[in-house]
>>> print(open('input_11.txt').read())   # compact mmCIF, C-alpha atoms
# COMPACT_ATOMS: atom_id res chain seq x y z
CA SER A 24 77.53 119.81 132.68
CA MET A 25 80.28 117.25 132.76
CA GLU A 26 79.19 115.77 129.42
CA THR A 27 79.52 119.10 127.66
CA ASP A 28 82.99 119.45 129.14
CA ILE A 29 83.98 116.01 127.90
CA ILE A 30 82.68 116.75 124.40
CA ALA A 31 84.54 120.06 124.39
CA LEU A 32 87.74 118.27 125.42
CA GLN A 33 87.27 115.61 122.75
CA GLU A 34 86.84 118.32 120.11
CA GLN A 35 89.89 120.15 121.40
CA ASN A 36 91.83 116.90 121.30
CA LYS A 37 90.71 116.22 117.71
CA SER A 38 91.85 119.62 116.52
CA TYR A 39 95.11 119.20 118.42
CA ILE A 40 95.79 115.86 116.75
CA ALA A 41 94.80 117.29 113.35
CA LYS A 42 97.29 120.10 113.89
CA ILE A 43 100.09 117.64 114.74
CA VAL A 44 99.33 115.61 111.61
CA GLU A 45 99.29 118.82 109.56
CA ASP A 46 102.62 119.91 111.07
CA GLU A 47 104.09 116.52 110.22
CA LYS A 48 102.96 116.93 106.61
CA THR A 49 104.39 120.40 106.27
CA ALA A 50 107.58 119.25 107.99
CA GLY A 51 107.76 116.48 105.40
CA GLU A 52 107.48 118.96 102.56
CA GLU A 53 110.17 121.16 104.07
CA GLU A 54 113.34 121.37 102.03
CA LEU A 55 116.64 120.32 103.54
CA GLU A 56 119.99 121.40 102.27
CA ILE A 57 122.92 119.16 102.93
CA ILE A 58 126.11 121.00 102.18
CA SER A 59 129.59 119.61 101.59
CA GLU A 60 132.51 120.61 103.76
CA ASN A 61 133.97 123.15 101.35
CA LYS A 62 130.45 124.30 100.37
CA SER A 63 131.13 123.43 96.73
CA GLU A 64 128.35 120.88 96.58
CA LYS A 65 124.92 120.64 98.02
CA LEU A 66 121.98 118.34 97.90
CA THR A 67 118.52 119.83 98.30
CA LEU A 68 115.70 117.46 99.04
CA LYS A 69 112.42 117.25 100.86
CA PHE A 70 112.67 116.13 104.47
CA LYS A 71 110.26 113.26 103.82
CA ASN A 72 112.55 111.89 101.10
CA LEU A 73 115.67 111.66 103.25
CA VAL A 74 116.05 108.06 104.41
CA CYS A 75 119.45 107.93 106.09
CA VAL A 76 122.98 109.27 106.14
CA LYS A 77 125.97 107.01 106.50
CA SER A 78 129.55 108.04 107.10
CA ALA A 79 132.34 106.51 105.05
CA ASP A 80 135.80 107.86 105.90
CA ASN A 81 135.81 111.54 104.94
CA TYR A 82 132.58 111.21 103.03
CA ILE A 83 128.96 110.81 103.86
CA GLU A 84 126.54 108.81 101.78
CA ILE A 85 123.04 110.22 101.67
CA CYS A 86 120.21 107.80 100.85
CA TYR A 87 117.07 109.45 99.64
CA LEU A 88 113.98 108.74 97.59
CA GLU A 89 113.57 110.34 94.19
CA SER A 90 110.19 109.41 92.61
CA ASN A 91 110.08 106.36 94.88
CA ILE A 92 113.50 105.09 93.82
CA LEU A 93 116.29 104.96 96.36
CA GLU A 94 119.18 107.16 95.29
CA LYS A 95 122.57 107.65 96.91
CA LYS A 96 124.82 110.64 96.85
CA MET A 97 128.29 111.06 98.31
CA LEU A 98 129.41 114.38 99.74
CA ARG A 99 132.68 115.22 101.38
CA ASN A 100 131.76 115.90 104.98
CA THR A 101 131.57 114.39 108.45
CA LEU A 102 128.53 112.91 110.11
CA LYS A 103 129.06 115.26 113.04
CA SER A 104 128.71 118.30 110.81
CA ILE A 105 125.65 116.86 109.09
CA GLU A 106 124.12 116.06 112.44
CA SER A 107 124.37 119.72 113.40
CA GLN A 108 123.00 120.81 110.00
CA LEU A 109 119.98 118.57 110.61
CA ALA A 110 119.65 119.04 114.36
CA LEU A 111 116.25 120.71 114.27
CA HIS A 112 114.52 117.62 112.99
CA LYS A 113 113.37 115.33 115.77
CA MET A 114 112.70 112.53 113.31
CA LEU A 115 116.34 112.42 112.23
CA VAL A 116 118.17 110.43 114.83
CA ARG A 117 121.70 109.25 115.27
CA CYS A 118 121.56 105.50 115.85
CA HIS A 119 125.23 104.54 115.48
CA ARG A 120 128.56 106.31 115.11
CA THR A 121 128.21 105.79 111.35
CA ARG A 122 124.49 106.49 110.84
CA ILE A 123 121.68 108.97 111.09
CA VAL A 124 118.22 107.68 110.17
CA ASN A 125 114.88 109.23 109.39
CA VAL A 126 112.60 107.51 111.88
CA MET A 127 109.70 107.85 109.43
CA TYR A 128 111.25 104.95 107.50
CA VAL A 129 111.94 102.67 110.44
CA GLU A 130 109.81 99.57 110.27
CA LYS A 131 111.14 97.74 113.33
CA LEU A 132 113.85 97.88 115.95
CA LEU A 133 115.17 94.32 116.21
CA ARG A 134 117.81 92.49 118.10
CA ASP A 135 119.98 89.50 117.31
CA PHE A 136 123.08 87.91 118.84
CA SER A 137 125.29 90.78 117.70
CA GLY A 138 123.06 93.55 119.08
CA TYR A 139 120.31 95.88 117.95
CA TYR A 140 119.55 96.88 114.39
CA LEU A 141 116.85 98.63 112.39
CA LYS A 142 114.77 97.21 109.60
CA MET A 143 113.83 100.04 107.26
CA ASN A 144 110.79 99.89 105.01
CA CYS A 145 112.48 101.01 101.81
CA PHE A 146 115.59 98.84 101.60
CA GLU A 147 116.95 95.53 102.79
CA ASP A 148 120.12 96.50 104.65
CA LYS A 149 120.11 96.15 108.41
CA ILE A 150 121.12 99.40 110.02
CA PRO A 151 123.25 98.94 113.14
CA VAL A 152 122.17 100.55 116.41
CA SER A 153 124.64 101.10 119.21
CA ARG A 154 123.62 101.05 122.86
CA GLN A 155 124.53 104.67 123.50
CA PHE A 156 121.88 105.82 121.01
CA LEU A 157 119.25 103.24 121.87
CA LEU A 158 117.20 105.35 124.26
CA GLN A 159 116.82 108.41 122.06
CA LEU A 160 116.03 106.17 119.12
CA LYS A 161 113.27 104.36 121.03
CA GLU A 162 111.85 107.72 122.06
CA ALA A 163 111.78 109.00 118.49
CA ILE A 164 110.16 105.77 117.28
CA SER A 165 107.47 106.01 119.94
CA ILE A 166 106.67 109.63 118.97
CA LYS A 167 106.32 108.56 115.35
CA LYS A 168 103.57 106.10 116.24
>>> encode(input="input_11.txt", output="structure tokens")
Amino acid sequence: SMETDIIALQEQNKSYIAKIVEDEKTAGEEELEIISENKSEKLTLKFKNLVCVKSADNYIEICYLESNILEKKMLRNTLKSIESQLALHKMLVRCHRTRIVNVMYVEKLLRDFSGYYLKMNCFEDKIPVSRQFLLQLKEAISIKK
């Protein structure tokens, strides 16, 4: 009957959603390696602890959580290279020429007279968002929900 079909679909849907949640968890536990340009330094951390990466001249500054405290580490590299190192992760999104953010930590996408910015839930700084990255950022945020 139609009812049995609906119940079967609901069950299928439940297990599908459970699998997505499980995948998210395991993806969070996954280790990332961020390697410096000359490969002399590397930072290994869990995906879920990476908050954002910011470029500063020939360096990148990696913000991450270590036992719930925000830490920062500088490595000599370019954001472009880091972006390709991290390309597999849909939750890591370029939002500005100087920034890559982990969408898991985005609280809100806001806008003021100077343009769009992100409010993160683990620090105060506003993170700038440029128009060219707006669409992919909105998509990633909507997937997160």
>>> closest_residue(input="input_11.txt", among="A:Phe70, A:Tyr82, A:Tyr140, A:Tyr87", to="Arg154 of chain A", atoms="all atoms listed in the file")
A:Tyr140
>>> atom_distance(input="input_11.txt", atom1="atom CA of Tyr128 of chain A", atom2="atom CA of Lys96 of chain A")
18.2 Å
>>> atom_distance(input="input_11.txt", atom1="atom CA of Lys161 of chain A", atom2="atom CA of Leu88 of chain A")
23.9 Å
>>> closest_residue(input="input_11.txt", among="A:Ser24, A:Thr101, A:Thr67, A:Ser165", to="Leu132 of chain A", atoms="all atoms listed in the file")
A:Ser165
>>> atom_distance(input="input_11.txt", atom1="atom CA of Leu55 of chain A", atom2="atom CA of Cys118 of chain A")
19.9 Å
>>> residues_near_point(input="input_11.txt", point="(132.4, 113.2, 106.1)", cutoff="9 Å", atoms="only C-alpha atoms", output="PDB file with C-alpha atoms, in the frame of the given file")
ATOM      1  CA  SER A  59     129.590 119.610 101.590  1.00  0.00           C
ATOM      2  CA  GLU A  60     132.510 120.610 103.760  1.00  0.00           C
ATOM      3  CA  LYS A  77     125.970 107.010 106.500  1.00  0.00           C
ATOM      4  CA  SER A  78     129.550 108.040 107.100  1.00  0.00           C
ATOM      5  CA  ALA A  79     132.340 106.510 105.050  1.00  0.00           C
ATOM      6  CA  ASP A  80     135.800 107.860 105.900  1.00  0.00           C
ATOM      7  CA  ASN A  81     135.810 111.540 104.940  1.00  0.00           C
ATOM      8  CA  TYR A  82     132.580 111.210 103.030  1.00  0.00           C
ATOM      9  CA  ILE A  83     128.960 110.810 103.860  1.00  0.00           C
ATOM     10  CA  GLU A  84     126.540 108.810 101.780  1.00  0.00           C
ATOM     11  CA  LEU A  98     129.410 114.380  99.740  1.00  0.00           C
ATOM     12  CA  ARG A  99     132.680 115.220 101.380  1.00  0.00           C
ATOM     13  CA  ASN A 100     131.760 115.900 104.980  1.00  0.00           C
ATOM     14  CA  THR A 101     131.570 114.390 108.450  1.00  0.00           C
ATOM     15  CA  LEU A 102     128.530 112.910 110.110  1.00  0.00           C
ATOM     16  CA  LYS A 103     129.060 115.260 113.040  1.00  0.00           C
ATOM     17  CA  SER A 104     128.710 118.300 110.810  1.00  0.00           C
ATOM     18  CA  ILE A 105     125.650 116.860 109.090  1.00  0.00           C
TER      19      ILE A 105
END
>>> closest_residue(input="input_11.txt", among="A:Glu106, A:Glu54, A:Glu26, A:Glu147", to="Leu93 of chain A", atoms="all atoms listed in the file")
A:Glu147
>>> residues_around(input="input_11.txt", residues="Glu89 of chain A", least_positions_apart="4", cutoff="9 Å", atoms="only C-alpha atoms", output="mmCIF file with C-alpha atoms, keeping the file's coordinate frame")
data_model
loop_
_atom_site.group_PDB
_atom_site.id
_atom_site.type_symbol
_atom_site.label_atom_id
_atom_site.label_comp_id
_atom_site.auth_asym_id
_atom_site.auth_seq_id
_atom_site.Cartn_x
_atom_site.Cartn_y
_atom_site.Cartn_z
ATOM 1 C CA LEU A 68 115.700 117.460 99.040
ATOM 2 C CA ASN A 72 112.550 111.890 101.100
ATOM 3 C CA LEU A 93 116.290 104.960 96.360
ATOM 4 C CA GLU A 94 119.180 107.160 95.290
#
>>> closest_residue(input="input_11.txt", among="A:Met97, A:Leu157, A:Ile166, A:Met25", to="Met127 of chain A", atoms="only C-alpha atoms")
A:Ile166
>>> closest_residue(input="input_11.txt", among="A:Lys71, A:Met114, A:Ser38, A:Asn61", to="Gln159 of chain A", atoms="only C-alpha atoms")
A:Met114
>>> closest_residue(input="input_11.txt", among="A:Val74, A:Ile85, A:Leu109, A:Leu160", to="Met143 of chain A", atoms="only C-alpha atoms")
A:Val74
>>> residues_around(input="input_11.txt", residues="Asp135 of chain A", least_positions_apart="6", cutoff="12 Å", atoms="only C-alpha atoms", output="PDB file with C-alpha atoms, in the coordinates of the input")
ATOM      1  CA  LEU A 141     116.850  98.630 112.390  1.00  0.00           C
ATOM      2  CA  LYS A 149     120.110  96.150 108.410  1.00  0.00           C
ATOM      3  CA  PRO A 151     123.250  98.940 113.140  1.00  0.00           C
ATOM      4  CA  VAL A 152     122.170 100.550 116.410  1.00  0.00           C
TER       5      VAL A 152
END
>>> axis_aligned_box(input="input_11.txt", around="segment 113-123 of chain A", padding_each_side="8 Å", output="AutoDock Vina command-line options")
--center_x 120.6 --center_y 109.9 --center_z 113.3 --size_x 31.9 --size_y 26.8 --size_z 21.0
